[in-house]
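What's in protein_20.txt: compact mmCIF, C-alpha atoms
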# COMPACT_ATOMS: atom_id res chain seq x y z
CA MET A 1 69.63 4.25 -10.63
CA ASN A 2 68.36 7.83 -10.46
CA PRO A 3 65.59 7.82 -7.82
CA ASP A 4 63.54 10.33 -9.80
CA ASN A 5 63.63 8.09 -12.86
CA GLU A 6 62.70 5.07 -10.76
CA SER A 7 59.72 6.94 -9.30
CA THR A 8 58.59 7.98 -12.77
CA ASP A 9 58.91 4.40 -14.03
CA ARG A 10 56.80 3.14 -11.12
CA ARG A 11 54.03 5.67 -11.84
CA LEU A 12 54.00 4.76 -15.53
CA PHE A 13 53.79 1.07 -14.63
CA LEU A 14 50.83 1.64 -12.34
CA ARG A 15 49.06 3.67 -15.02
CA ARG A 16 49.41 0.80 -17.47
CA LEU A 17 48.49 -1.80 -14.85
CA LEU A 18 45.40 -0.04 -13.51
CA GLY A 19 44.19 1.75 -16.64
CA VAL A 20 44.43 5.25 -15.16
CA SER A 21 46.26 8.33 -16.30
CA GLY A 22 47.71 11.56 -15.03
CA ALA A 23 47.63 12.44 -11.35
CA ALA A 24 45.23 9.58 -10.54
CA ALA A 25 48.09 7.10 -10.82
CA VAL A 26 49.98 8.87 -8.03
CA THR A 27 47.03 8.44 -5.66
CA LEU A 28 46.87 4.74 -6.43
CA LEU A 29 50.41 4.18 -5.19
CA SER A 30 48.90 3.70 -1.72
CA PRO A 31 48.10 0.02 -0.94
CA ARG A 32 44.84 1.19 0.67
CA ALA A 33 43.91 2.94 -2.56
CA LEU A 34 44.96 -0.03 -4.67
CA ALA A 35 42.60 -2.18 -2.58
CA GLY A 36 39.85 0.45 -2.75
CA THR A 37 38.15 -0.57 -6.02
CA ARG A 38 35.04 -2.28 -4.72
CA ILE A 39 32.66 -4.68 -6.38
CA THR A 40 29.15 -3.25 -6.64
CA VAL A 41 26.01 -5.27 -5.92
CA LYS A 42 23.74 -3.75 -8.54
CA HIS A 43 20.52 -5.68 -8.02
CA VAL A 44 19.04 -8.64 -6.14
CA ARG A 45 16.09 -10.83 -7.10
CA LEU A 46 14.41 -14.08 -6.08
CA ALA A 47 13.73 -17.01 -8.40
CA ARG A 48 12.65 -20.67 -8.23
CA HIS A 49 14.50 -23.49 -9.98
CA ASN A 50 13.69 -27.18 -9.55
CA GLY A 51 11.83 -26.44 -6.34
CA VAL A 52 14.77 -24.50 -4.85
CA THR A 53 14.53 -20.81 -3.95
CA GLN A 54 17.39 -18.83 -5.46
CA VAL A 55 18.62 -15.40 -4.36
CA ILE A 56 20.49 -13.88 -7.30
CA PHE A 57 22.86 -10.94 -6.84
CA ASP A 58 23.89 -9.03 -10.00
CA LEU A 59 27.49 -7.87 -9.60
CA SER A 60 29.89 -5.50 -11.31
CA GLY A 61 32.63 -8.17 -11.15
CA PRO A 62 33.78 -11.35 -9.40
CA VAL A 63 33.56 -11.18 -5.62
CA GLU A 64 35.04 -13.15 -2.73
CA HIS A 65 32.31 -14.19 -0.33
CA SER A 66 31.30 -16.57 2.44
CA LEU A 67 27.96 -17.59 3.89
CA PHE A 68 26.55 -19.43 6.88
CA ALA A 69 23.15 -20.22 8.42
CA LEU A 70 21.85 -19.25 11.85
CA SER A 71 18.80 -20.49 13.74
CA LYS A 72 16.29 -19.05 16.23
CA PRO A 73 15.43 -16.96 14.24
CA GLU A 74 16.22 -18.62 10.92
CA ARG A 75 18.49 -16.62 8.66
CA VAL A 76 21.34 -16.87 6.18
CA VAL A 77 24.27 -14.45 6.34
CA ILE A 78 26.30 -13.61 3.22
CA ASP A 79 29.54 -11.63 3.59
CA PHE A 80 30.88 -9.90 0.47
CA LYS A 81 34.53 -8.89 0.64
CA ASN A 82 35.43 -5.42 -0.65
CA ALA A 83 31.89 -4.71 -1.91
CA GLN A 84 29.19 -2.03 -1.80
CA VAL A 85 25.54 -1.56 -2.77
CA ALA A 86 24.36 0.59 -5.68
CA GLY A 87 21.32 2.53 -4.45
CA GLY A 88 19.56 -0.03 -2.31
CA MET A 89 18.51 -3.67 -2.13
CA ARG A 90 14.92 -4.82 -1.79
CA VAL A 91 13.14 -8.07 -2.57
CA LYS A 92 9.47 -8.97 -2.66
CA PRO A 93 9.01 -11.62 0.07
CA SER A 94 8.70 -15.12 -1.28
CA ALA A 95 8.91 -18.25 0.87
CA PRO A 96 11.19 -18.98 2.58
CA VAL A 97 12.59 -15.41 2.34
CA HIS A 98 10.47 -12.87 4.18
CA GLY A 99 13.04 -10.10 4.48
CA LEU A 100 16.49 -8.84 3.50
CA ARG A 101 18.82 -6.60 5.46
CA TYR A 102 22.28 -5.30 4.65
CA ALA A 103 24.97 -3.14 6.22
CA ARG A 104 28.57 -2.15 5.74
CA ARG A 105 30.97 -4.45 7.59
CA GLY A 106 34.24 -2.86 8.63
CA LEU A 107 35.64 -0.32 6.20
CA ASN A 108 35.20 -2.11 2.88
CA ASP A 109 33.02 -5.20 3.24
CA LEU A 110 29.27 -5.78 2.92
CA ARG A 111 27.02 -8.06 4.98
CA VAL A 112 23.61 -9.23 3.72
CA VAL A 113 21.17 -11.08 6.01
CA LEU A 114 18.27 -13.09 4.56
CA ASP A 115 15.45 -13.50 7.10
CA LEU A 116 13.71 -16.86 6.59
CA ASP A 117 10.44 -18.34 7.78
CA LYS A 118 11.93 -21.84 7.95
CA GLY A 119 15.30 -23.52 8.04
CA SER A 120 17.18 -23.93 4.75
CA ARG A 121 20.43 -25.44 3.62
CA PRO A 122 22.33 -22.64 1.80
CA SER A 123 24.93 -23.02 -0.93
CA SER A 124 26.37 -20.56 -3.42
CA ARG A 125 28.05 -20.32 -6.79
CA LEU A 126 29.56 -17.42 -8.74
CA LEU A 127 28.50 -17.30 -12.41
CA LYS A 128 30.64 -15.62 -15.05
CA PRO A 129 29.13 -13.25 -17.64
CA GLN A 130 27.02 -15.11 -20.17
CA GLY A 131 24.23 -14.30 -22.62
CA GLY A 132 24.18 -10.58 -21.86
CA ASP A 133 24.26 -11.04 -18.09
CA GLY A 134 27.20 -9.88 -16.01
CA TYR A 135 28.69 -11.63 -13.00
CA ARG A 136 26.07 -13.16 -10.70
CA LEU A 137 26.21 -14.74 -7.28
CA VAL A 138 23.47 -17.34 -6.89
CA VAL A 139 22.53 -18.46 -3.36
CA ASP A 140 20.40 -21.61 -3.33
CA LEU A 141 18.14 -22.14 -0.32
CA ALA A 142 17.33 -25.84 -0.32
CA ALA A 143 14.46 -26.90 1.92
CA LEU A 144 15.30 -29.19 4.80
CA SER A 145 13.42 -32.49 4.73
CA ALA A 146 11.33 -33.59 7.70
CA ALA A 147 13.93 -36.27 8.40
CA THR A 148 16.68 -33.63 8.52
CA PRO A 149 15.85 -31.05 11.18
CA ALA A 150 17.31 -27.61 10.79
CA PRO A 151 20.65 -27.39 12.60
CA VAL A 152 20.70 -24.98 15.52
CA MET A 153 23.75 -22.85 14.74
CA THR A 154 24.92 -20.99 17.81
CA ALA A 155 27.34 -18.09 17.60
CA ALA A 156 30.16 -20.27 18.88
CA ALA A 157 29.53 -23.02 16.34
CA ALA A 158 28.61 -21.03 13.22
CA GLN A 159 30.78 -21.83 10.22
CA SER A 160 31.02 -20.96 6.57
CA THR A 161 29.48 -23.51 4.23
CA THR A 162 32.90 -23.89 2.66
CA ARG A 163 35.56 -25.90 4.46
CA LEU A 164 37.17 -23.76 7.13
CA ARG A 165 40.70 -24.10 8.41
CA ASP A 166 42.48 -23.39 11.68
CA VAL A 167 44.81 -20.41 11.96
CA VAL A 168 48.45 -21.49 12.30
CA VAL A 169 50.62 -19.76 14.91
CA ALA A 170 54.37 -20.28 14.47
CA ILE A 171 56.14 -20.15 17.86
CA ASP A 172 59.87 -19.49 17.66
CA PRO A 173 61.94 -20.12 20.83
CA GLY A 174 65.06 -18.03 20.25
CA HIS A 175 68.59 -19.46 19.99
CA GLY A 176 69.23 -23.17 20.71
CA GLY A 177 71.99 -25.75 20.35
CA VAL A 178 75.43 -24.18 20.03
CA ASP A 179 73.81 -20.76 20.40
CA PRO A 180 72.82 -20.39 24.08
CA GLY A 181 71.69 -16.78 23.78
CA ALA A 182 72.22 -14.57 26.82
CA VAL A 183 73.40 -16.16 30.07
CA GLY A 184 72.33 -14.86 33.49
CA LYS A 185 74.57 -14.43 36.53
CA ARG A 186 73.19 -17.65 38.01
CA GLY A 187 74.02 -19.55 34.82
CA THR A 188 70.52 -19.42 33.33
CA TYR A 189 70.59 -20.00 29.58
CA GLU A 190 68.20 -17.93 27.50
CA LYS A 191 67.67 -20.83 25.07
CA ASN A 192 66.26 -23.00 27.88
CA VAL A 193 63.82 -20.57 29.49
CA VAL A 194 62.36 -19.37 26.19
CA LEU A 195 61.82 -22.96 25.06
CA ALA A 196 59.94 -23.62 28.31
CA ILE A 197 57.68 -20.60 27.68
CA ALA A 198 57.20 -21.63 24.04
CA ARG A 199 56.11 -25.15 25.02
CA ARG A 200 53.57 -23.73 27.45
CA LEU A 201 52.25 -21.38 24.77
CA GLU A 202 52.03 -24.30 22.36
CA ALA A 203 49.90 -26.23 24.85
CA LEU A 204 47.52 -23.29 25.31
CA ILE A 205 47.08 -22.74 21.57
CA LYS A 206 46.58 -26.47 21.00
CA LYS A 207 43.60 -26.35 23.40
CA THR A 208 42.02 -23.37 21.59
CA PRO A 209 39.43 -24.35 18.96
CA GLY A 210 40.30 -22.85 15.60
CA MET A 211 44.03 -22.50 16.37
CA GLN A 212 46.97 -24.74 15.55
CA PRO A 213 50.47 -24.18 16.99
CA TYR A 214 53.72 -24.89 15.19
CA LEU A 215 56.94 -24.94 17.23
CA ILE A 216 59.98 -23.91 15.18
CA ARG A 217 62.33 -25.94 17.40
CA ARG A 218 61.12 -28.60 19.79
CA GLY A 219 64.41 -29.25 21.60
CA ASP A 220 67.90 -27.91 22.13
CA GLN A 221 68.91 -27.68 18.48
CA TYR A 222 70.38 -24.84 16.45
CA VAL A 223 68.14 -23.36 13.74
CA SER A 224 69.46 -20.53 11.59
CA LEU A 225 67.47 -17.31 11.45
CA ARG A 226 66.54 -17.72 7.77
CA GLU A 227 65.58 -21.35 8.37
CA ARG A 228 63.12 -20.21 11.05
CA LEU A 229 61.39 -18.01 8.49
CA ARG A 230 61.45 -20.77 5.88
CA LYS A 231 59.86 -23.26 8.26
CA ALA A 232 57.08 -20.84 9.21
CA ARG A 233 56.28 -20.04 5.58
CA ALA A 234 56.38 -23.73 4.61
CA LYS A 235 53.77 -24.35 7.33
CA LYS A 236 51.67 -21.45 5.91
CA ALA A 237 51.69 -19.73 9.29
CA ASP A 238 49.22 -16.87 9.89
CA LEU A 239 51.33 -15.41 12.73
CA PHE A 240 54.95 -15.68 13.85
CA ILE A 241 56.02 -15.00 17.45
CA SER A 242 59.68 -15.17 18.44
CA ILE A 243 60.33 -15.52 22.18
CA HIS A 244 63.53 -14.18 23.78
CA ALA A 245 65.00 -12.90 27.05
CA ASP A 246 66.71 -9.50 27.00
CA ALA A 247 70.20 -8.73 28.32
CA SER A 248 72.20 -5.64 29.23
CA PRO A 249 75.76 -4.96 30.42
CA TYR A 250 74.12 -3.43 33.49
CA ARG A 251 72.09 -5.10 36.24
CA TYR A 252 69.28 -2.55 36.62
CA PRO A 253 67.33 -2.66 33.26
CA LYS A 254 64.17 -4.71 33.63
CA GLY A 255 60.86 -5.39 31.97
CA SER A 256 59.45 -6.75 28.74
CA THR A 257 59.51 -5.32 25.21
CA VAL A 258 57.68 -6.25 21.99
CA TYR A 259 59.33 -5.59 18.63
CA VAL A 260 58.02 -5.53 15.07
CA LEU A 261 59.91 -4.92 11.85
CA SER A 262 61.24 -1.45 11.18
CA GLU A 263 60.84 0.33 7.85
CA ARG A 264 64.58 0.14 7.33
CA GLY A 265 64.54 -3.60 7.94
CA ALA A 266 61.67 -4.01 5.49
CA SER A 267 63.57 -2.06 2.84
CA SER A 268 66.66 -4.23 3.20
CA GLU A 269 64.54 -7.38 3.01
CA ALA A 270 62.79 -6.11 -0.11
CA ALA A 271 66.18 -5.59 -1.75
CA ARG A 272 67.24 -9.12 -0.80
CA LEU A 273 64.05 -10.65 -2.18
CA LEU A 274 64.37 -8.76 -5.44
CA ALA A 275 68.02 -9.72 -5.80
CA GLN A 276 67.26 -13.42 -5.28
CA ARG A 277 63.93 -13.73 -7.07
CA GLN A 278 65.40 -16.05 -9.69
CA ASN A 279 64.87 -18.74 -7.05
CA GLU A 280 61.48 -20.06 -8.08
CA VAL A 281 60.58 -21.28 -4.61
CA ASP A 282 60.83 -17.73 -3.25
CA ARG A 283 57.27 -16.43 -3.39
CA VAL A 284 55.65 -13.42 -1.79
CA ALA A 285 51.95 -13.66 -0.94
CA GLY A 286 51.70 -16.63 -3.30
CA VAL A 287 53.23 -14.82 -6.28
CA ASN A 288 56.38 -16.19 -7.90
CA LEU A 289 58.74 -13.23 -8.18
CA SER A 290 61.06 -15.03 -10.57
CA THR A 291 58.56 -14.48 -13.41
CA LYS A 292 58.28 -10.71 -12.86
CA ASP A 293 60.45 -7.87 -14.12
CA ASN A 294 62.10 -5.42 -11.71
CA LEU A 295 59.25 -2.94 -11.56
CA VAL A 296 56.42 -5.45 -11.16
CA ALA A 297 58.32 -7.43 -8.53
CA SER A 298 59.17 -4.33 -6.50
CA VAL A 299 55.53 -3.16 -6.47
CA LEU A 300 54.33 -6.62 -5.36
CA VAL A 301 56.89 -6.75 -2.55
CA ASP A 302 56.02 -3.22 -1.41
CA LEU A 303 52.32 -4.00 -1.24
CA ALA A 304 52.81 -7.28 0.63
CA GLN A 305 55.24 -5.76 3.11
CA THR A 306 53.10 -2.72 3.88
CA ALA A 307 50.06 -4.84 4.73
CA THR A 308 52.15 -7.26 6.82
CA ARG A 309 53.86 -4.48 8.77
CA GLU A 310 50.49 -2.92 9.63
CA SER A 311 49.19 -6.29 10.85
CA SER A 312 52.39 -6.92 12.83
CA PHE A 313 51.99 -3.61 14.66
CA LYS A 314 48.39 -4.49 15.59
CA LEU A 315 49.62 -7.86 16.88
CA GLY A 316 52.33 -6.09 18.87
CA GLU A 317 49.78 -3.80 20.52
CA HIS A 318 47.65 -6.74 21.66
CA LEU A 319 50.70 -8.60 22.99
CA THR A 320 51.95 -5.53 24.87
CA ALA A 321 48.57 -4.90 26.50
CA ASN A 322 48.43 -8.45 27.88
CA ILE A 323 52.10 -8.75 28.89
CA ASN A 324 51.69 -5.56 30.93
CA ARG A 325 49.40 -7.54 33.26
CA VAL A 326 52.21 -9.99 34.02
CA ILE A 327 55.39 -7.91 34.19
CA ARG A 328 56.32 -4.25 33.99
CA LEU A 329 57.08 -3.17 30.45
CA HIS A 330 60.57 -1.97 29.65
CA SER A 331 59.04 -0.08 26.75
CA ARG A 332 55.33 0.74 26.92
CA SER A 333 55.04 1.12 23.16
CA VAL A 334 55.68 -1.41 20.42
CA GLU A 335 59.28 -0.97 19.28
CA ARG A 336 60.62 -1.37 15.73
CA ALA A 337 63.85 -3.14 14.82
CA ALA A 338 65.44 -4.99 11.90
CA PHE A 339 65.57 -8.47 13.47
CA VAL A 340 65.94 -11.10 10.75
CA VAL A 341 63.16 -13.29 12.18
CA LEU A 342 60.67 -10.44 11.68
CA LYS A 343 61.36 -10.08 7.96
CA SER A 344 58.86 -12.50 6.45
CA PRO A 345 57.06 -10.33 3.86
CA ASP A 346 53.69 -12.04 4.21
CA ILE A 347 53.42 -13.28 7.84
CA PRO A 348 52.58 -10.77 10.62
CA SER A 349 55.46 -11.19 13.08
CA ALA A 350 56.53 -10.00 16.52
CA LEU A 351 59.55 -10.61 18.74
CA VAL A 352 58.96 -10.62 22.52
CA GLU A 353 61.76 -9.93 24.99
CA THR A 354 60.02 -11.50 27.97
CA ALA A 355 62.33 -10.13 30.71
CA PHE A 356 65.95 -9.16 31.37
CA ILE A 357 67.99 -12.27 32.11
CA SER A 358 70.82 -9.92 33.12
CA ASN A 359 68.70 -8.52 35.96
CA PRO A 360 69.05 -10.79 39.03
CA SER A 361 65.41 -10.55 40.10
CA GLU A 362 64.09 -11.16 36.59
CA GLU A 363 66.54 -14.03 36.04
CA ARG A 364 64.95 -15.68 39.08
CA LEU A 365 61.50 -15.05 37.59
CA LEU A 366 62.47 -16.56 34.24
CA ARG A 367 63.52 -19.78 35.97
CA THR A 368 60.16 -20.31 37.71
CA PRO A 369 57.34 -22.38 36.15
CA VAL A 370 54.81 -19.87 37.56
CA PHE A 371 56.25 -16.95 35.61
CA GLN A 372 56.76 -19.07 32.48
CA GLN A 373 53.08 -20.05 32.57
CA ARG A 374 51.88 -16.51 33.22
CA MET A 375 53.95 -15.21 30.31
CA ALA A 376 52.59 -17.98 28.06
CA VAL A 377 49.03 -17.07 29.11
CA ALA A 378 49.69 -13.40 28.28
CA LEU A 379 51.08 -14.27 24.85
CA HIS A 380 48.14 -16.55 24.18
CA ALA A 381 45.69 -13.79 25.18
CA GLY A 382 47.45 -11.34 22.87
CA VAL A 383 47.19 -13.79 19.96
CA ALA A 384 43.51 -14.45 20.73
CA ASP A 385 42.75 -10.72 20.93
CA TYR A 386 44.44 -10.19 17.57
CA PHE A 387 42.47 -12.96 15.85
CA ASN A 388 39.24 -11.73 17.46
CA ARG A 389 39.57 -8.69 15.20
CA TYR A 390 41.76 -9.80 12.32
CA ALA A 391 41.20 -13.52 11.73
CA PRO A 392 41.93 -14.34 8.06
CA SER A 393 38.93 -15.08 5.86
CA GLY A 394 38.30 -18.77 5.30
CA THR A 395 39.21 -19.68 8.88
CA LEU A 396 36.99 -21.11 11.60
CA LEU A 397 37.76 -18.13 13.87
CA ALA A 398 36.67 -15.60 11.23
CA ALA A 399 33.36 -17.42 10.69
CA ARG A 400 32.69 -17.61 14.43
CA HIS A 401 33.39 -13.94 14.99
CA ARG A 402 31.11 -13.01 12.08
CA ALA A 403 28.35 -15.08 13.66
CA VAL A 404 28.81 -13.39 17.04
CA ARG A 405 28.51 -9.95 15.43
CA ALA A 406 25.42 -11.06 13.50
CA LEU A 407 23.73 -12.15 16.73
CA SER A 408 24.60 -8.98 18.63
Could you render the structure as structure tokens?
Amino acid sequence: MNPDNESTDRRLFLRRLLGVSGAAAVTLLSPRALAGTRITVKHVRLARHNGVTQVIFDLSGPVEHSLFALSKPERVVIDFKNAQVAGGMRVKPSAPVHGLRYARRGLNDLRVVLDLDKGSRPSSRLLKPQGGDGYRLVVDLAALSAATPAPVMTAAAAQSTTRLRDVVVAIDPGHGGVDPGAVGKRGTYEKNVVLAIARRLEALIKKTPGMQPYLIRRGDQYVSLRERLRKARAKKADLFISIHADASPYRYPKGSTVYVLSERGASSEAARLLAQRQNEVDRVAGVNLSTKDNLVASVLVDLAQTATRESSFKLGEHLTANINRVIRLHSRSVERAAFVVLKSPDIPSALVETAFISNPSEERLLRTPVFQQRMAVALHAGVADYFNRYAPSGTLLAARHRAVRALS
């Protein structure tokens, strides 16, 4: 296919899809720009219905949101995803609401804080346009009975009123079974030492509230590279970490390296996904590619991959910073490569070469429980640092971090 024609087709598709014309469509090719259309909170008002105070937000469209209550002082926090305020927001105080504050959260989100004079049990519902009204978010503030004291919600325990889930971390010990991986001069098998580190990392994650580990292989069995990806996606993993030990024909290379997917690797994976999208179980970011034509499918894959690669690089930076406290880095920057296990289009992924098994001193390190534990602790810290900033919405970790920021 002529690349110029393909580019023209893609621009025309985006114009039709987004309702724009001319040069504006070229700007919207960026995933950041595609995500840039924000919902506007146009107005807010208070009302009473069946003895319940309602806070009603008039919106320009449907919005993803979460809310939680905090005590001492009493308040309710509402987070609007990808939203902004038109002009300003003010309400006339009416019990239990005696004030309203709002601020931008991150680059695109909006946080609204309702200051209350007494504890309330909040709930919310999004109403579709009806009877001349547009979209509305209604937050009900039900009074707590005397028999039900207001819960004291600390920053560590704050949660969304919707059911929150744990983040899932897929841990992939490299090689296994008939594939021993690299073998050191003292007969150390890569498959054995990386499994030992993976088990230690699993134990640390299992003890962390809000996190759930998933070990791709639990013993000395062979798992194909594509099967590792399939298992992680079937588990709906939020992160994927593959653990390895490096090797060289020479004895002197040493240190640890973190890899994420290269642009070339992403391009080859996109081509594979598009070629095989007739398989209905092959979905990207929850979208079944088998129902899409070439142009739509390619745009969806591009968008998913770009976001995932950016997240993978952030994960890699946090892992590198923590590993550097345990062992000298072979490469101080996050490297990019086309490893198959990094090619999941919708799971941020990193591959860690923990040390050089071909280096005699590092082979000895890899065999020791002390080093295995220290490496597991570093990987766990890198994962925790990543989720401290980028926990997915709807997870317990995201709600806790929002509460901490609200209290600060």
Requested in this report: Show which residues sit within 12 Å of Ser361 in chain A, as a ChimeraX atom specification. Count all atoms listed in the file, and ignore same-chain residues fewer than 6 positions away.
Outcome: /A:184-186,251-255,327,355,367-368
What does the file look like for those residues with C-alpha atoms, as a JSON list (two decimals), in the frame of the given file?
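Wrote it out as out26.json, contents follow:
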[["chain", "number", "residue", "atom", "x", "y", "z"],
["A", 184, "GLY", "CA", 72.33, -14.86, 33.49],
["A", 185, "LYS", "CA", 74.57, -14.43, 36.53],
["A", 186, "ARG", "CA", 73.19, -17.65, 38.01],
["A", 251, "ARG", "CA", 72.09, -5.10, 36.24],
["A", 252, "TYR", "CA", 69.28, -2.55, 36.62],
["A", 253, "PRO", "CA", 67.33, -2.66, 33.26],
["A", 254, "LYS", "CA", 64.17, -4.71, 33.63],
["A", 255, "GLY", "CA", 60.86, -5.39, 31.97],
["A", 327, "ILE", "CA", 55.39, -7.91, 34.19],
["A", 355, "ALA", "CA", 62.33, -10.13, 30.71],
["A", 367, "ARG", "CA", 63.52, -19.78, 35.97],
["A", 368, "THR", "CA", 60.16, -20.31, 37.71]]
**Report entry** range 307-313 of chain A environment, 6 Å, all atoms listed in the file, sequence neighbours closer than 4 positions dropped, as a VMD selection string
**Finding:** chain A and resid 346 348 to 349
Requested in this report: Have a look at CA of Ala398 in chain A and CA of Ser66 in chain A and let me know their distance in Å, one decimal.
Outcome: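 Pair CA of Ala398 in chain A / CA of Ser66 in chain A returns 10.3 Å.
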Query raised in the report: Counting only C-alpha atoms, what is within 8 Å of Leu229 in chain A, bar same-chain residues fewer than 5 positions away, as a ChimeraX atom specification?
Result: /A:341,343-344
Query raised in the report: Leaving out Asp246 in chain A and any residue of its chain fewer than 6 positions from it, which residues lie within 12 Å of it when counting all atoms listed in the file, given as a PyMOL selection string?
Result: chain A and resi 174+181-184+189-191+193-194+253-259+330+351-359+362-363+366
Report task. Give as a PyMOL selection string every residue, naming chains and numbers as the document does, that has an atom within 8 Å of (33.0, -2.1, -5.5), counting only C-alpha atoms. Result -> chain A and resi 36-41+60+82-85
Query raised in the report: How many Å lie between CA of Arg328 in chain A and CA of Ile205 in chain A, rounded to one decimal?
Result: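 It comes out at 24.1 Å.
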Kindly output range 94-110 of chain A as a PDB file, keeping the file's coordinate frame, after building N, CA, C and O atoms.
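See result-v2.pdb below for the written result:
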ATOM      1  N   SER A  94       9.133 -13.887  -0.653  1.00  0.00           N
ATOM      2  CA  SER A  94       8.700 -15.120  -1.280  1.00  0.00           C
ATOM      3  C   SER A  94       9.306 -16.267  -0.498  1.00  0.00           C
ATOM      4  O   SER A  94      10.517 -16.322  -0.303  1.00  0.00           O
ATOM      5  N   ALA A  95       8.448 -17.183  -0.027  1.00  0.00           N
ATOM      6  CA  ALA A  95       8.910 -18.250   0.870  1.00  0.00           C
ATOM      7  C   ALA A  95      10.133 -18.960   0.282  1.00  0.00           C
ATOM      8  O   ALA A  95      10.178 -19.244  -0.914  1.00  0.00           O
ATOM      9  N   PRO A  96      11.156 -19.212   1.120  1.00  0.00           N
ATOM     10  CA  PRO A  96      11.190 -18.980   2.580  1.00  0.00           C
ATOM     11  C   PRO A  96      11.718 -17.603   2.977  1.00  0.00           C
ATOM     12  O   PRO A  96      11.907 -17.353   4.155  1.00  0.00           O
ATOM     13  N   VAL A  97      11.986 -16.707   2.013  1.00  0.00           N
ATOM     14  CA  VAL A  97      12.590 -15.410   2.340  1.00  0.00           C
ATOM     15  C   VAL A  97      11.483 -14.405   2.650  1.00  0.00           C
ATOM     16  O   VAL A  97      10.643 -14.114   1.788  1.00  0.00           O
ATOM     17  N   HIS A  98      11.471 -13.879   3.862  1.00  0.00           N
ATOM     18  CA  HIS A  98      10.470 -12.870   4.180  1.00  0.00           C
ATOM     19  C   HIS A  98      11.082 -11.498   4.454  1.00  0.00           C
ATOM     20  O   HIS A  98      10.379 -10.538   4.763  1.00  0.00           O
ATOM     21  N   GLY A  99      12.400 -11.402   4.305  1.00  0.00           N
ATOM     22  CA  GLY A  99      13.040 -10.100   4.480  1.00  0.00           C
ATOM     23  C   GLY A  99      14.513 -10.144   4.123  1.00  0.00           C
ATOM     24  O   GLY A  99      15.141 -11.219   4.079  1.00  0.00           O
ATOM     25  N   LEU A 100      15.064  -8.968   3.827  1.00  0.00           N
ATOM     26  CA  LEU A 100      16.490  -8.840   3.500  1.00  0.00           C
ATOM     27  C   LEU A 100      17.013  -7.588   4.159  1.00  0.00           C
ATOM     28  O   LEU A 100      16.384  -6.520   4.099  1.00  0.00           O
ATOM     29  N   ARG A 101      18.149  -7.726   4.820  1.00  0.00           N
ATOM     30  CA  ARG A 101      18.820  -6.600   5.460  1.00  0.00           C
ATOM     31  C   ARG A 101      20.266  -6.566   4.992  1.00  0.00           C
ATOM     32  O   ARG A 101      20.836  -7.602   4.649  1.00  0.00           O
ATOM     33  N   TYR A 102      20.861  -5.384   4.997  1.00  0.00           N
ATOM     34  CA  TYR A 102      22.280  -5.300   4.650  1.00  0.00           C
ATOM     35  C   TYR A 102      22.910  -4.125   5.380  1.00  0.00           C
ATOM     36  O   TYR A 102      22.222  -3.183   5.786  1.00  0.00           O
ATOM     37  N   ALA A 103      24.226  -4.207   5.546  1.00  0.00           N
ATOM     38  CA  ALA A 103      24.970  -3.140   6.220  1.00  0.00           C
ATOM     39  C   ALA A 103      26.435  -3.254   5.845  1.00  0.00           C
ATOM     40  O   ALA A 103      26.908  -4.327   5.466  1.00  0.00           O
ATOM     41  N   ARG A 104      27.129  -2.138   5.952  1.00  0.00           N
ATOM     42  CA  ARG A 104      28.570  -2.150   5.740  1.00  0.00           C
ATOM     43  C   ARG A 104      29.225  -2.903   6.884  1.00  0.00           C
ATOM     44  O   ARG A 104      28.814  -2.770   8.043  1.00  0.00           O
ATOM     45  N   ARG A 105      30.236  -3.679   6.574  1.00  0.00           N
ATOM     46  CA  ARG A 105      30.970  -4.450   7.590  1.00  0.00           C
ATOM     47  C   ARG A 105      32.419  -4.020   7.554  1.00  0.00           C
ATOM     48  O   ARG A 105      33.102  -4.221   6.552  1.00  0.00           O
ATOM     49  N   GLY A 106      32.889  -3.401   8.643  1.00  0.00           N
ATOM     50  CA  GLY A 106      34.240  -2.860   8.630  1.00  0.00           C
ATOM     51  C   GLY A 106      34.300  -1.672   7.681  1.00  0.00           C
ATOM     52  O   GLY A 106      33.319  -0.951   7.453  1.00  0.00           O
ATOM     53  N   LEU A 107      35.455  -1.466   7.083  1.00  0.00           N
ATOM     54  CA  LEU A 107      35.640  -0.320   6.200  1.00  0.00           C
ATOM     55  C   LEU A 107      35.191  -0.600   4.776  1.00  0.00           C
ATOM     56  O   LEU A 107      34.683   0.287   4.098  1.00  0.00           O
ATOM     57  N   ASN A 108      35.370  -1.848   4.305  1.00  0.00           N
ATOM     58  CA  ASN A 108      35.200  -2.110   2.880  1.00  0.00           C
ATOM     59  C   ASN A 108      34.216  -3.221   2.551  1.00  0.00           C
ATOM     60  O   ASN A 108      33.869  -3.382   1.380  1.00  0.00           O
ATOM     61  N   ASP A 109      33.800  -4.006   3.540  1.00  0.00           N
ATOM     62  CA  ASP A 109      33.020  -5.200   3.240  1.00  0.00           C
ATOM     63  C   ASP A 109      31.518  -4.947   3.395  1.00  0.00           C
ATOM     64  O   ASP A 109      31.093  -3.934   3.955  1.00  0.00           O
ATOM     65  N   LEU A 110      30.724  -5.890   2.900  1.00  0.00           N
ATOM     66  CA  LEU A 110      29.270  -5.780   2.920  1.00  0.00           C
ATOM     67  C   LEU A 110      28.681  -7.053   3.509  1.00  0.00           C
ATOM     68  O   LEU A 110      29.096  -8.156   3.138  1.00  0.00           O
TER      69      LEU A 110
END
